[in-house]
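Novice: File name start08.cif; file contents mmCIF, C-alpha atoms, pLDDT in the B column; chains and numbers go by the auth columns; full text below.
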```cif
data_final
#
loop_
_atom_site.group_PDB
_atom_site.id
_atom_site.type_symbol
_atom_site.label_atom_id
_atom_site.label_comp_id
_atom_site.label_asym_id
_atom_site.label_seq_id
_atom_site.Cartn_x
_atom_site.Cartn_y
_atom_site.Cartn_z
_atom_site.B_iso_or_equiv
_atom_site.auth_seq_id
_atom_site.auth_asym_id
ATOM 1 C CA MET A 1 -2.591 -13.032 -7.809 48.00 1 A
ATOM 2 C CA SER A 2 -2.565 -9.616 -9.391 53.00 2 A
ATOM 3 C CA ASN A 3 -4.936 -8.282 -11.979 55.00 3 A
ATOM 4 C CA GLU A 4 -2.938 -6.851 -14.844 47.00 4 A
ATOM 5 C CA ILE A 5 -4.053 -5.005 -17.952 42.00 5 A
ATOM 6 C CA ASN A 6 -2.600 -2.765 -20.606 39.00 6 A
ATOM 7 C CA THR A 7 -4.099 0.664 -21.036 40.00 7 A
ATOM 8 C CA VAL A 8 -3.152 4.062 -22.337 41.00 8 A
ATOM 9 C CA SER A 9 -5.687 5.817 -20.098 51.00 9 A
ATOM 10 C CA THR A 10 -4.583 8.443 -17.600 75.00 10 A
ATOM 11 C CA GLU A 11 -5.721 8.672 -14.006 82.00 11 A
ATOM 12 C CA GLU A 12 -8.819 10.797 -13.621 83.00 12 A
ATOM 13 C CA GLU A 13 -10.336 11.495 -10.227 88.00 13 A
ATOM 14 C CA LEU A 14 -13.857 10.079 -9.902 90.00 14 A
ATOM 15 C CA HIS A 15 -16.860 11.284 -7.923 89.00 15 A
ATOM 16 C CA VAL A 16 -18.635 8.230 -6.522 90.00 16 A
ATOM 17 C CA GLU A 17 -22.046 8.293 -4.867 89.00 17 A
ATOM 18 C CA GLY A 18 -21.770 7.450 -1.180 88.00 18 A
ATOM 19 C CA PHE A 19 -18.063 8.242 -1.058 93.00 19 A
ATOM 20 C CA GLY A 20 -17.575 11.982 -1.005 93.00 20 A
ATOM 21 C CA ASP A 21 -15.254 14.466 0.660 94.00 21 A
ATOM 22 C CA VAL A 22 -16.197 13.359 4.180 95.00 22 A
ATOM 23 C CA GLU A 23 -15.350 9.724 3.433 96.00 23 A
ATOM 24 C CA ILE A 24 -12.133 10.705 1.653 96.00 24 A
ATOM 25 C CA ASP A 25 -11.092 12.749 4.697 96.00 25 A
ATOM 26 C CA ALA A 26 -11.944 9.786 6.944 96.00 26 A
ATOM 27 C CA ILE A 27 -9.758 7.467 4.856 97.00 27 A
ATOM 28 C CA GLY A 28 -6.965 10.031 5.002 96.00 28 A
ATOM 29 C CA GLU A 29 -7.197 10.068 8.785 95.00 29 A
ATOM 30 C CA ILE A 30 -7.366 6.267 8.978 96.00 30 A
ATOM 31 C CA GLU A 31 -4.336 5.857 6.728 95.00 31 A
ATOM 32 C CA ASN A 32 -2.436 8.540 8.618 94.00 32 A
ATOM 33 C CA ILE A 33 -2.902 6.690 11.903 95.00 33 A
ATOM 34 C CA THR A 34 -2.571 3.110 10.679 95.00 34 A
ATOM 35 C CA MET A 35 0.471 3.752 8.502 93.00 35 A
ATOM 36 C CA GLY A 36 2.014 5.668 11.376 93.00 36 A
ATOM 37 C CA ALA A 37 1.731 2.450 13.391 94.00 37 A
ATOM 38 C CA ALA A 38 3.183 0.529 10.447 93.00 38 A
ATOM 39 C CA ALA A 39 6.101 2.974 10.280 92.00 39 A
ATOM 40 C CA THR A 40 6.835 2.371 13.969 93.00 40 A
ATOM 41 C CA ALA A 41 6.888 -1.387 13.354 92.00 41 A
ATOM 42 C CA VAL A 42 9.328 -0.975 10.452 91.00 42 A
ATOM 43 C CA SER A 43 11.433 1.388 12.547 92.00 43 A
ATOM 44 C CA ASN A 44 11.771 -1.247 15.257 92.00 44 A
ATOM 45 C CA LEU A 45 12.487 -3.970 12.724 88.00 45 A
ATOM 46 C CA LEU A 46 15.211 -2.016 10.916 89.00 46 A
ATOM 47 C CA ASP A 47 16.521 -0.106 13.947 91.00 47 A
ATOM 48 C CA ALA A 48 16.146 3.149 12.009 91.00 48 A
ATOM 49 C CA LYS A 49 13.806 6.123 12.227 93.00 49 A
ATOM 50 C CA VAL A 50 10.923 6.007 9.729 92.00 50 A
ATOM 51 C CA TRP A 51 8.731 8.919 8.599 92.00 51 A
ATOM 52 C CA ILE A 52 5.586 8.712 6.454 92.00 52 A
ATOM 53 C CA THR A 53 3.924 11.921 5.260 91.00 53 A
ATOM 54 C CA THR A 54 0.246 12.829 5.415 89.00 54 A
ATOM 55 C CA PRO A 55 -1.476 10.719 2.734 94.00 55 A
ATOM 56 C CA GLN A 56 -2.937 12.064 -0.489 95.00 56 A
ATOM 57 C CA VAL A 57 -6.253 10.298 -1.217 96.00 57 A
ATOM 58 C CA LYS A 58 -8.276 10.117 -4.414 95.00 58 A
ATOM 59 C CA VAL A 59 -10.765 7.814 -6.150 96.00 59 A
ATOM 60 C CA VAL A 60 -9.833 6.585 -9.627 95.00 60 A
ATOM 61 C CA ARG A 61 -10.857 3.813 -11.986 94.00 61 A
ATOM 62 C CA ALA A 62 -8.732 0.696 -11.447 92.00 62 A
ATOM 63 C CA LYS A 63 -7.631 0.349 -15.045 90.00 63 A
ATOM 64 C CA THR A 64 -6.230 3.894 -15.110 90.00 64 A
ATOM 65 C CA LEU A 65 -3.928 3.429 -12.105 89.00 65 A
ATOM 66 C CA SER A 66 -0.378 4.399 -12.955 85.00 66 A
ATOM 67 C CA TYR A 67 2.718 3.273 -11.063 88.00 67 A
ATOM 68 C CA LYS A 68 5.215 4.398 -13.685 85.00 68 A
ATOM 69 C CA ASP A 69 7.080 6.606 -11.201 88.00 69 A
ATOM 70 C CA LEU A 70 7.724 3.537 -9.021 90.00 70 A
ATOM 71 C CA ALA A 71 8.625 1.058 -11.768 87.00 71 A
ATOM 72 C CA PRO A 72 10.115 -1.475 -11.573 89.00 72 A
ATOM 73 C CA PHE A 73 8.162 -2.220 -8.412 92.00 73 A
ATOM 74 C CA VAL A 74 7.207 -4.812 -5.836 92.00 74 A
ATOM 75 C CA TYR A 75 3.457 -5.403 -5.512 91.00 75 A
ATOM 76 C CA VAL A 76 2.075 -6.701 -2.188 92.00 76 A
ATOM 77 C CA LYS A 77 -1.551 -7.770 -1.748 92.00 77 A
ATOM 78 C CA ILE A 78 -3.410 -8.185 1.540 94.00 78 A
ATOM 79 C CA GLU A 79 -6.921 -9.496 2.180 94.00 79 A
ATOM 80 C CA TYR A 80 -8.955 -8.334 5.171 95.00 80 A
ATOM 81 C CA ILE A 81 -10.614 -11.479 6.538 94.00 81 A
ATOM 82 C CA LEU A 82 -12.165 -10.373 9.846 95.00 82 A
ATOM 83 C CA GLY A 83 -13.980 -7.207 10.875 93.00 83 A
ATOM 84 C CA VAL A 84 -13.989 -5.706 7.393 95.00 84 A
ATOM 85 C CA SER A 85 -13.718 -7.395 4.013 92.00 85 A
ATOM 86 C CA GLY A 86 -11.871 -6.427 0.874 93.00 86 A
ATOM 87 C CA SER A 87 -8.390 -6.126 -0.532 93.00 87 A
ATOM 88 C CA SER A 88 -5.569 -3.636 -0.435 94.00 88 A
ATOM 89 C CA VAL A 89 -2.325 -3.500 -2.343 93.00 89 A
ATOM 90 C CA MET A 90 0.929 -1.680 -1.729 93.00 90 A
ATOM 91 C CA ILE A 91 3.368 -0.659 -4.437 93.00 91 A
ATOM 92 C CA LEU A 92 7.012 0.015 -3.574 94.00 92 A
ATOM 93 C CA LYS A 93 10.072 0.583 -5.747 94.00 93 A
ATOM 94 C CA GLN A 94 12.263 -2.495 -6.172 93.00 94 A
ATOM 95 C CA SER A 95 15.312 -0.390 -5.321 94.00 95 A
ATOM 96 C CA ASP A 96 13.715 0.732 -2.046 95.00 96 A
ATOM 97 C CA VAL A 97 12.813 -2.841 -1.137 94.00 97 A
ATOM 98 C CA GLN A 98 16.381 -3.935 -1.903 94.00 98 A
ATOM 99 C CA LEU A 99 17.754 -1.286 0.476 93.00 99 A
ATOM 100 C CA ILE A 100 15.274 -2.301 3.203 93.00 100 A
ATOM 101 C CA LEU A 101 16.318 -5.949 2.870 93.00 101 A
ATOM 102 C CA ASN A 102 19.997 -4.986 2.902 92.00 102 A
ATOM 103 C CA GLN A 103 19.450 -3.060 6.141 92.00 103 A
ATOM 104 C CA LEU A 104 17.530 -5.990 7.622 90.00 104 A
ATOM 105 C CA MET A 105 20.277 -8.479 6.709 89.00 105 A
ATOM 106 C CA GLY A 106 23.231 -6.264 7.605 90.00 106 A
ATOM 107 C CA GLN A 107 24.376 -5.832 4.013 89.00 107 A
ATOM 108 C CA PRO A 108 25.838 -2.643 2.455 90.00 108 A
ATOM 109 C CA LEU A 109 23.156 -0.033 1.691 91.00 109 A
ATOM 110 C CA VAL A 110 23.655 0.009 -2.063 92.00 110 A
ATOM 111 C CA VAL A 111 21.414 -0.887 -4.998 92.00 111 A
ATOM 112 C CA THR A 112 22.997 -3.464 -7.299 90.00 112 A
ATOM 113 C CA ASP A 113 21.906 -4.693 -10.713 87.00 113 A
ATOM 114 C CA ASP A 114 22.616 -8.327 -9.815 87.00 114 A
ATOM 115 C CA PHE A 115 20.201 -8.376 -6.848 89.00 115 A
ATOM 116 C CA GLN A 116 17.746 -11.250 -7.208 89.00 116 A
ATOM 117 C CA PHE A 117 14.209 -11.319 -5.831 91.00 117 A
ATOM 118 C CA ASP A 118 14.494 -15.040 -5.203 92.00 118 A
ATOM 119 C CA GLU A 119 12.304 -17.131 -2.898 92.00 119 A
ATOM 120 C CA MET A 120 14.286 -16.135 0.205 92.00 120 A
ATOM 121 C CA ASN A 121 14.127 -12.421 -0.554 92.00 121 A
ATOM 122 C CA ILE A 122 10.430 -12.529 -1.456 93.00 122 A
ATOM 123 C CA SER A 123 9.823 -14.331 1.833 93.00 123 A
ATOM 124 C CA ALA A 124 11.726 -11.566 3.641 92.00 124 A
ATOM 125 C CA VAL A 125 9.620 -8.918 1.843 92.00 125 A
ATOM 126 C CA CYS A 126 6.458 -10.676 3.001 92.00 126 A
ATOM 127 C CA GLU A 127 7.748 -10.810 6.585 92.00 127 A
ATOM 128 C CA VAL A 128 8.506 -7.070 6.592 92.00 128 A
ATOM 129 C CA MET A 129 5.057 -6.373 5.160 91.00 129 A
ATOM 130 C CA ASN A 130 3.462 -8.763 7.642 92.00 130 A
ATOM 131 C CA GLN A 131 5.010 -6.807 10.535 92.00 131 A
ATOM 132 C CA MET A 132 4.033 -3.508 8.932 92.00 132 A
ATOM 133 C CA MET A 133 0.443 -4.427 8.085 92.00 133 A
ATOM 134 C CA GLY A 134 -0.070 -6.331 11.329 93.00 134 A
ATOM 135 C CA ALA A 135 0.676 -3.112 13.232 95.00 135 A
ATOM 136 C CA SER A 136 -1.576 -1.224 10.826 95.00 136 A
ATOM 137 C CA ALA A 137 -4.430 -3.708 11.401 94.00 137 A
ATOM 138 C CA THR A 138 -4.086 -3.369 15.173 95.00 138 A
ATOM 139 C CA ALA A 139 -4.296 0.423 14.904 95.00 139 A
ATOM 140 C CA LEU A 140 -7.307 0.124 12.575 95.00 140 A
ATOM 141 C CA SER A 141 -9.033 -2.214 15.024 95.00 141 A
ATOM 142 C CA GLU A 142 -8.707 0.373 17.799 93.00 142 A
ATOM 143 C CA LEU A 143 -9.753 3.220 15.521 92.00 143 A
ATOM 144 C CA ILE A 144 -12.988 1.625 14.302 92.00 144 A
ATOM 145 C CA ALA A 145 -13.692 -0.454 17.449 91.00 145 A
ATOM 146 C CA THR A 146 -13.772 -3.681 15.437 93.00 146 A
ATOM 147 C CA PRO A 147 -11.531 -6.771 15.684 95.00 147 A
ATOM 148 C CA ILE A 148 -9.451 -6.958 12.494 95.00 148 A
ATOM 149 C CA ASP A 149 -7.521 -9.804 10.928 95.00 149 A
ATOM 150 C CA ILE A 150 -5.592 -9.892 7.657 95.00 150 A
ATOM 151 C CA SER A 151 -4.234 -12.585 5.390 94.00 151 A
ATOM 152 C CA THR A 152 -0.533 -13.286 5.016 92.00 152 A
ATOM 153 C CA PRO A 153 0.797 -10.740 2.492 91.00 153 A
ATOM 154 C CA VAL A 154 1.545 -12.034 -1.010 91.00 154 A
ATOM 155 C CA ALA A 155 4.364 -10.300 -2.892 91.00 155 A
ATOM 156 C CA GLU A 156 5.023 -10.199 -6.625 89.00 156 A
ATOM 157 C CA VAL A 157 7.840 -8.537 -8.541 89.00 157 A
ATOM 158 C CA SER A 158 6.954 -6.553 -11.641 85.00 158 A
ATOM 159 C CA GLU A 159 9.114 -5.061 -14.367 72.00 159 A
ATOM 160 C CA SER A 160 6.129 -2.828 -15.049 57.00 160 A
ATOM 161 C CA SER A 161 6.436 0.109 -17.359 48.00 161 A
ATOM 162 C CA GLU A 162 3.863 2.762 -18.213 41.00 162 A
ATOM 163 C CA GLY A 163 0.506 1.216 -19.089 38.00 163 A
ATOM 164 C CA LYS A 164 0.806 -1.860 -16.883 48.00 164 A
ATOM 165 C CA ASN A 165 -1.391 -1.888 -13.804 59.00 165 A
ATOM 166 C CA PHE A 166 -2.004 -3.964 -10.695 82.00 166 A
ATOM 167 C CA PHE A 167 -5.095 -3.376 -8.541 86.00 167 A
ATOM 168 C CA PRO A 168 -7.220 -4.919 -5.741 89.00 168 A
ATOM 169 C CA THR A 169 -10.347 -5.739 -7.725 89.00 169 A
ATOM 170 C CA ASP A 170 -11.441 -8.263 -10.341 87.00 170 A
ATOM 171 C CA ASN A 171 -13.055 -5.647 -12.566 90.00 171 A
ATOM 172 C CA PRO A 172 -10.737 -3.064 -14.185 90.00 172 A
ATOM 173 C CA ASP A 173 -13.670 -0.641 -14.482 92.00 173 A
ATOM 174 C CA ASP A 174 -14.241 -0.592 -10.710 93.00 174 A
ATOM 175 C CA PRO A 175 -13.468 2.600 -8.764 95.00 175 A
ATOM 176 C CA VAL A 176 -10.645 2.157 -6.245 96.00 176 A
ATOM 177 C CA VAL A 177 -9.135 4.434 -3.609 97.00 177 A
ATOM 178 C CA LYS A 178 -5.501 5.401 -4.212 96.00 178 A
ATOM 179 C CA ILE A 179 -3.405 6.693 -1.316 96.00 179 A
ATOM 180 C CA SER A 180 0.054 8.147 -1.950 96.00 180 A
ATOM 181 C CA PHE A 181 2.733 8.684 0.708 95.00 181 A
ATOM 182 C CA ASP A 182 6.283 9.966 0.917 95.00 182 A
ATOM 183 C CA LEU A 183 8.518 7.555 2.822 93.00 183 A
ATOM 184 C CA THR A 184 11.801 8.301 4.590 95.00 184 A
ATOM 185 C CA ILE A 185 13.905 5.719 6.435 93.00 185 A
ATOM 186 C CA ASP A 186 16.763 7.514 8.138 94.00 186 A
ATOM 187 C CA GLY A 187 20.043 6.895 6.348 90.00 187 A
ATOM 188 C CA ILE A 188 18.465 4.363 3.970 92.00 188 A
ATOM 189 C CA ILE A 189 15.844 5.776 1.598 92.00 189 A
ATOM 190 C CA LYS A 190 13.828 8.875 0.824 93.00 190 A
ATOM 191 C CA SER A 191 11.116 7.825 -1.568 94.00 191 A
ATOM 192 C CA GLU A 192 7.386 7.213 -1.959 94.00 192 A
ATOM 193 C CA PHE A 193 4.898 4.377 -2.056 93.00 193 A
ATOM 194 C CA ILE A 194 1.282 3.823 -3.009 95.00 194 A
ATOM 195 C CA SER A 195 -1.530 1.960 -1.275 95.00 195 A
ATOM 196 C CA VAL A 196 -4.760 1.088 -3.096 96.00 196 A
ATOM 197 C CA LEU A 197 -8.000 -0.045 -1.421 96.00 197 A
ATOM 198 C CA SER A 198 -11.035 -1.626 -3.000 95.00 198 A
ATOM 199 C CA LEU A 199 -13.900 0.886 -2.794 95.00 199 A
ATOM 200 C CA ASP A 200 -16.115 -1.366 -0.637 94.00 200 A
ATOM 201 C CA LEU A 201 -13.300 -1.768 1.879 95.00 201 A
ATOM 202 C CA ALA A 202 -12.706 1.988 1.975 96.00 202 A
ATOM 203 C CA LYS A 203 -16.446 2.687 2.431 96.00 203 A
ATOM 204 C CA THR A 204 -16.691 0.214 5.303 95.00 204 A
ATOM 205 C CA MET A 205 -13.602 1.575 7.047 95.00 205 A
ATOM 206 C CA ALA A 206 -14.752 5.191 6.684 95.00 206 A
ATOM 207 C CA GLY A 207 -18.291 4.370 7.845 94.00 207 A
ATOM 208 C CA LYS A 208 -17.116 2.453 10.911 93.00 208 A
ATOM 209 C CA MET A 209 -14.722 5.193 11.939 92.00 209 A
ATOM 210 C CA MET A 210 -17.367 7.901 11.634 91.00 210 A
ATOM 211 C CA ASN A 211 -19.888 5.793 13.551 89.00 211 A
ATOM 212 C CA ASN A 212 -17.342 5.162 16.293 80.00 212 A
ATOM 213 C CA TYR A 213 -16.568 8.864 16.578 78.00 213 A
ATOM 214 C CA ASN A 214 -20.301 9.701 16.680 76.00 214 A
ATOM 215 C CA ASP A 215 -20.875 7.127 19.420 66.00 215 A
#
```
Mind converting the file's structure to structure tokens?
Specialist:
Amino acid sequence: MSNEINTVSTEEELHVEGFGDVEIDAIGEIENITMGAAATAVSNLLDAKVWITTPQVKVVRAKTLSYKDLAPFVYVKIEYILGVSGSSVMILKQSDVQLILNQLMGQPLVVTDDFQFDEMNISAVCEVMNQMMGASATALSELIATPIDISTPVAEVSESSEGKNFFPTDNPDDPVVKISFDLTIDGIIKSEFISVLSLDLAKTMAGKMMNNYND
């Protein structure tokens, strides 16, 4: 279930003790590799080329997260249950998700106002995300030399406008790590999406990767 609050705050990059430039660079590298694996999985699933740009990483306070450029959006939450612990969320435009589902189901690649995110379509979203994040978890496992397992993704549709936020922590004052990507699926969409990690999860991932590289 998502955490949702109303706020008029704007995103402001935070400096958090124990998570500096080195850790931010490590998360950028981790996300670059793991989301590259996720892109390959989606490419195979949709039979279309997929490109994801180098991620932009920053630390912000959860309650100031803004997804207004992606609204209305689909929110997907994943829990890491083995190897590392914590939560991550992904935010994608509803229109992009509709086009992905249309491609998956052999429907015309158009966005329609009467499209319904019913139980069947939400289930299909979760299956796409399960394939995507499963590939990402496998890549992460190899990168940090740790067996990784994730929960089944949970998707929620939001009609969010500016000031409404969803985040992977119970406390809106917690720092979180926001990662932004540009996403291109050949002949289908050219857009963007956002991934947000709880700070503890990001610290653990960065620490394990650096330790593995040092070893």
Novice: Please, what distance in Å, to one decimal, runs between CA of Gly36 in chain A and CA of Gln98 in chain A?
Specialist: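 Separation between CA of Gly36 in chain A and CA of Gln98 in chain A: 21.8 Å.
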Novice: Could you tell me how far CA of Ala48 in chain A sits from CA of Asp186 in chain A, in Å to one decimal place?
Specialist: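 CA of Ala48 in chain A lies at a distance of 5.9 Å from CA of Asp186 in chain A.
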Novice: Please determine, counting all atoms listed in the file, which residue among A:Thr64, A:Thr10, A:Ala41, A:Glu23 has the shortest atom-to-atom distance to Ala135 in chain A.
Specialist: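 For Ala135 in chain A, the nearest of the candidates is A:Ala41.
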Novice: Write out as an mmCIF file with C-alpha atoms, in the frame of the given file each polymer residue whose atoms come within 10 Å of Val176 in chain A, counting all atoms listed in the file; drop sequence neighbours fewer than 6 positions from it.
Specialist:
```cif
data_model
loop_
_atom_site.group_PDB
_atom_site.id
_atom_site.type_symbol
_atom_site.label_atom_id
_atom_site.label_comp_id
_atom_site.auth_asym_id
_atom_site.auth_seq_id
_atom_site.Cartn_x
_atom_site.Cartn_y
_atom_site.Cartn_z
ATOM 1 C CA LEU A 14 -13.857 10.079 -9.902
ATOM 2 C CA LYS A 58 -8.276 10.117 -4.414
ATOM 3 C CA VAL A 59 -10.765 7.814 -6.150
ATOM 4 C CA VAL A 60 -9.833 6.585 -9.627
ATOM 5 C CA ARG A 61 -10.857 3.813 -11.986
ATOM 6 C CA ALA A 62 -8.732 0.696 -11.447
ATOM 7 C CA LYS A 63 -7.631 0.349 -15.045
ATOM 8 C CA LEU A 65 -3.928 3.429 -12.105
ATOM 9 C CA SER A 88 -5.569 -3.636 -0.435
ATOM 10 C CA PHE A 167 -5.095 -3.376 -8.541
ATOM 11 C CA PRO A 168 -7.220 -4.919 -5.741
ATOM 12 C CA THR A 169 -10.347 -5.739 -7.725
ATOM 13 C CA VAL A 196 -4.760 1.088 -3.096
ATOM 14 C CA LEU A 197 -8.000 -0.045 -1.421
ATOM 15 C CA SER A 198 -11.035 -1.626 -3.000
ATOM 16 C CA LEU A 199 -13.900 0.886 -2.794
ATOM 17 C CA ASP A 200 -16.115 -1.366 -0.637
ATOM 18 C CA LEU A 201 -13.300 -1.768 1.879
ATOM 19 C CA ALA A 202 -12.706 1.988 1.975
#
```
Novice: State, in Å with one decimal place, the distance from CA of Asn212 in chain A to CA of Ile144 in chain A.
Specialist: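 Calculated distance between CA of Asn212 in chain A and CA of Ile144 in chain A is 6.0 Å.
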Novice: Give me the residues near Ala155 in chain A as a ChimeraX atom specification, where near means some atom within 7 Å (using all atoms listed in the file) and where sequence neighbours in that chain fewer than 2 positions away do not count.
Specialist: /A:74-77,122,126,153,157
Novice: If you keep C-alpha atoms, can you produce a file of those selected residues as a compact mmCIF listing (two decimals), keeping the file's coordinate frame?
Specialist:
```txt
# COMPACT_ATOMS: atom_id res chain seq x y z
CA VAL A 74 7.21 -4.81 -5.84
CA TYR A 75 3.46 -5.40 -5.51
CA VAL A 76 2.08 -6.70 -2.19
CA LYS A 77 -1.55 -7.77 -1.75
CA ILE A 122 10.43 -12.53 -1.46
CA CYS A 126 6.46 -10.68 3.00
CA PRO A 153 0.80 -10.74 2.49
CA VAL A 157 7.84 -8.54 -8.54
```
Novice: Edge lengths and centre in Å to one decimal, as AutoDock Vina command-line options, of the axis-aligned box that encloses all listed atoms of range 28-43 of chain A with 5 Å added on every side?
Specialist:
```
--center_x 2.0 --center_y 4.3 --center_z 9.5 --size_x 28.8 --size_y 21.5 --size_z 19.0
```
Novice: Given the point (-20.9, 3.9, -0.1) in the coordinates of this file, which residues lie within 8 Å, counting all atoms listed in the file, and how would they look as number ranges by chain?
Specialist: A: 17-19, 200, 203-204
Novice: Evaluate the PyMOL selection byres ((chain A and resi 106-117) around 12) on the structure here and hand back the selected residues as number ranges by chain.
Specialist: A: 46-47, 73-74, 93-105, 118-126, 155-159, 185-189
Novice: Residues at most 8 Å from Asp149 in chain A, counting all atoms listed in the file, excluding those fewer than 2 positions away in the same chain, as a PyMOL selection string?
Specialist: chain A and resi 80-83+137+147+151
Novice: Please expand the PyMOL selection byres ((chain A and resi 51) around 7) into the concrete residues it hits in this file, giving the result as an mmCIF file with C-alpha atoms, in the frame of the given file.
Specialist:
```
data_model
loop_
_atom_site.group_PDB
_atom_site.id
_atom_site.type_symbol
_atom_site.label_atom_id
_atom_site.label_comp_id
_atom_site.auth_asym_id
_atom_site.auth_seq_id
_atom_site.Cartn_x
_atom_site.Cartn_y
_atom_site.Cartn_z
ATOM 1 C CA ALA A 39 6.101 2.974 10.280
ATOM 2 C CA LYS A 49 13.806 6.123 12.227
ATOM 3 C CA VAL A 50 10.923 6.007 9.729
ATOM 4 C CA ILE A 52 5.586 8.712 6.454
ATOM 5 C CA THR A 53 3.924 11.921 5.260
ATOM 6 C CA LEU A 183 8.518 7.555 2.822
ATOM 7 C CA THR A 184 11.801 8.301 4.590
ATOM 8 C CA ILE A 185 13.905 5.719 6.435
#
```
Novice: Evaluate the PyMOL selection byres ((chain A and resi 133) around 9) and record the selected residues as a ChimeraX atom specification, following the chain and residue labels used in the document.
Specialist: /A:34-35,37-38,41,78,128-132,134-138,150,153
